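One structure below.
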Amino acid sequence: MNILFFGPNGSGKGTQGTILKDKYNIAHIESGGIFRENIKGGTELGKKAKEYIDRGDLVPDEITIPMVLDRLQQDDCKGGWLLDGFPRNKVQAEKLHASLEKAGMKLDVVIELLLDREIAKNRIMGRRLCENNNNHPNNIFIDAIKPDGDKCQVCGGALSARDDDQDEVAIDKRHSIYYDSDTGTLASAYYYRDLAKKDSSINYFTLAGEKDLKSVTAELISKL
């Protein structure tokens, strides 16, 4: 099963992706990790990407798409993959689809995790990290995992907030890219939605991201 997963930062997409990885034994591929692996490994594509990154420029699709395609063809993806964080715009969606077809790779499922922009922003800014275990869920804006004052609701450890989680300008910038339905990430999701209407072999479905973690997981697995 090969899956594309769309959802704004703060929607819990990464958490759900990890759950699917473990349940279905598929590779969970995050776009940021692809860049890091290629740069760290000193691949030709990684070297080219680093030149752009060092200049503060966006890495062009001519480098990014082959990098993504190469990752999806590695051994751990033979049993299926979940691609998270790519494509980020409609042009990338079109190019990725064409590249997958050319490589003889089938896309089976496209998931869109729906969440209101303001709720997504609050979830990011409400995240708190436990000194004992960063995976302990704590969020001051989510009742089910609201911490006990400044203590972890799981173990009682001291909590702190990541600096980038409190940077409203950076959060708004990322969300402006995601929620752009004309050329941004939502536009790429809608490209696949329209594709699925023409191609019955592609299953496109949405999830209500405002629900609690377990409810979203249950709905996700039932639809898969």
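Going by the structure tokens order, chains are called A, B, ..., each with residues numbered from 1, while ligands are numbered from 1 in the order shown.
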Legend entry - Selection near region 186-203 of chain A, 12 Å with only C-alpha atoms, sequence-local residues under 5 positions removed, as an MDAnalysis selection string: chainID A and resid 1:8 84:97 106:115 175:181 223:224
Inset, instruction - Identify, on the basis of only C-alpha atoms, every residue whose closest approach to Asn38 (chain A) does not exceed 9 Å; exclude the query and any residue fewer than 5 positions from it along the same chain; express the result as a ChimeraX atom specification. - result: /A:33,43-47,49,67
Legend entry - A:His136, A:Lys151, A:Lys23, A:Lys211 ranked by distance to Ile119 (chain A), top pick (using only C-alpha atoms): A:Lys211
Inset, instruction - Going by DSSP on the backbone, which bits of region 5-62 of chain A are alpha helix (DSSP H)? Write them as an MDAnalysis selection string, please. - result: chainID A and resid 13:24 31:41 44:54 61:62
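Among A:Lys146, A:His28, A:Arg36, A:Arg128, the residue with the shortest atom-to-atom distance to Arg162 (chain A), counting only C-alpha atoms, is A:Arg128.
If only C-alpha atoms are the atoms counted, then among A:Thr206, A:Ile65, A:Gly32, A:Phe141 the closest residue to Glu219 (chain A) is A:Thr206.
Taking only C-alpha atoms, the non-local environment of Asp212 (chain A) within 10 Å (same-chain residues fewer than 5 positions away omitted) comprises Gly12, Ile142, Asp143, Ala144, Ile145 and Thr217 of chain A.
In this comparison, which uses only C-alpha atoms, the residue of A:Ile53, A:Ala98, A:Gln166, A:Ile34 approaching Asn122 (chain A) most closely is A:Gln166.
Here CA of Ala170 (chain A) is placed at a distance of 23.5 Å from CA of Gly17 (chain A).
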I'd like the neighbourhood of Glu131 (chain A) as a compact mmCIF listing (two decimals) with N, CA and C atoms, in the first residue's frame, where a residue qualifies if any of its atoms comes within 12 Å (using only C-alpha atoms), though same-chain residues fewer than 4 positions away should be ignored.
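Output saved as result26.txt:
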```txt
# COMPACT_ATOMS: atom_id res chain seq x y z
N ASN A 135 7.96 12.21 24.22
CA ASN A 135 6.80 11.59 23.58
C ASN A 135 5.57 11.57 24.49
N HIS A 136 5.72 11.99 25.73
CA HIS A 136 4.54 12.10 26.60
C HIS A 136 3.67 13.24 26.08
N PRO A 137 2.40 12.95 25.76
CA PRO A 137 1.55 13.99 25.17
C PRO A 137 1.09 15.03 26.19
N ASN A 138 1.40 16.28 25.91
CA ASN A 138 0.97 17.39 26.75
C ASN A 138 0.64 18.58 25.86
N ASP A 150 2.19 23.10 35.32
CA ASP A 150 3.44 23.05 34.56
C ASP A 150 4.11 21.67 34.68
N LYS A 151 3.30 20.65 35.00
CA LYS A 151 3.83 19.29 35.14
C LYS A 151 3.19 18.35 34.13
N CYS A 152 3.97 17.39 33.66
CA CYS A 152 3.52 16.40 32.68
C CYS A 152 2.32 15.63 33.21
N VAL A 154 1.42 12.79 32.32
CA VAL A 154 1.71 11.36 32.34
C VAL A 154 2.56 10.98 33.56
N CYS A 155 3.67 11.73 33.76
CA CYS A 155 4.62 11.33 34.80
C CYS A 155 4.93 12.41 35.84
N GLY A 156 4.41 13.62 35.63
CA GLY A 156 4.66 14.69 36.59
C GLY A 156 5.96 15.44 36.37
N GLY A 157 6.66 15.12 35.28
CA GLY A 157 7.93 15.80 34.99
C GLY A 157 7.72 17.25 34.60
N ALA A 158 8.79 18.05 34.72
CA ALA A 158 8.72 19.46 34.36
C ALA A 158 8.53 19.62 32.85
N LEU A 159 7.79 20.63 32.47
CA LEU A 159 7.48 20.86 31.06
C LEU A 159 8.15 22.13 30.54
N SER A 160 8.39 22.14 29.23
CA SER A 160 8.92 23.34 28.58
C SER A 160 8.32 23.42 27.19
N ALA A 161 8.41 24.60 26.58
CA ALA A 161 7.90 24.80 25.22
C ALA A 161 9.07 25.03 24.27
N ARG A 162 8.99 24.44 23.07
CA ARG A 162 10.02 24.68 22.06
C ARG A 162 9.89 26.10 21.54
```
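Using only C-alpha atoms, the nearest neighbour of Ile26 (chain A) within the list A:Lys78, A:Lys48, A:Lys102, A:Arg127 is A:Lys78.
Proximity to Thr18 (chain A) was assessed for A:Leu58, A:Leu83, A:Ala208, A:Val68 counting only C-alpha atoms; the smallest distance is recorded for A:Leu83.
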Inset, instruction - Pick out each residue of region 15-181 of chain A that DSSP on the backbone tags as strand (DSSP E or B); I need them as a PyMOL selection string. - result: chain A and resi 27-30+81-84+109-114+127+129-130+139+148+151+158-160
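Taking CA of Ala27 (chain A) as the reference point, CA of Ile221 (chain A) is found at 16.5 Å.
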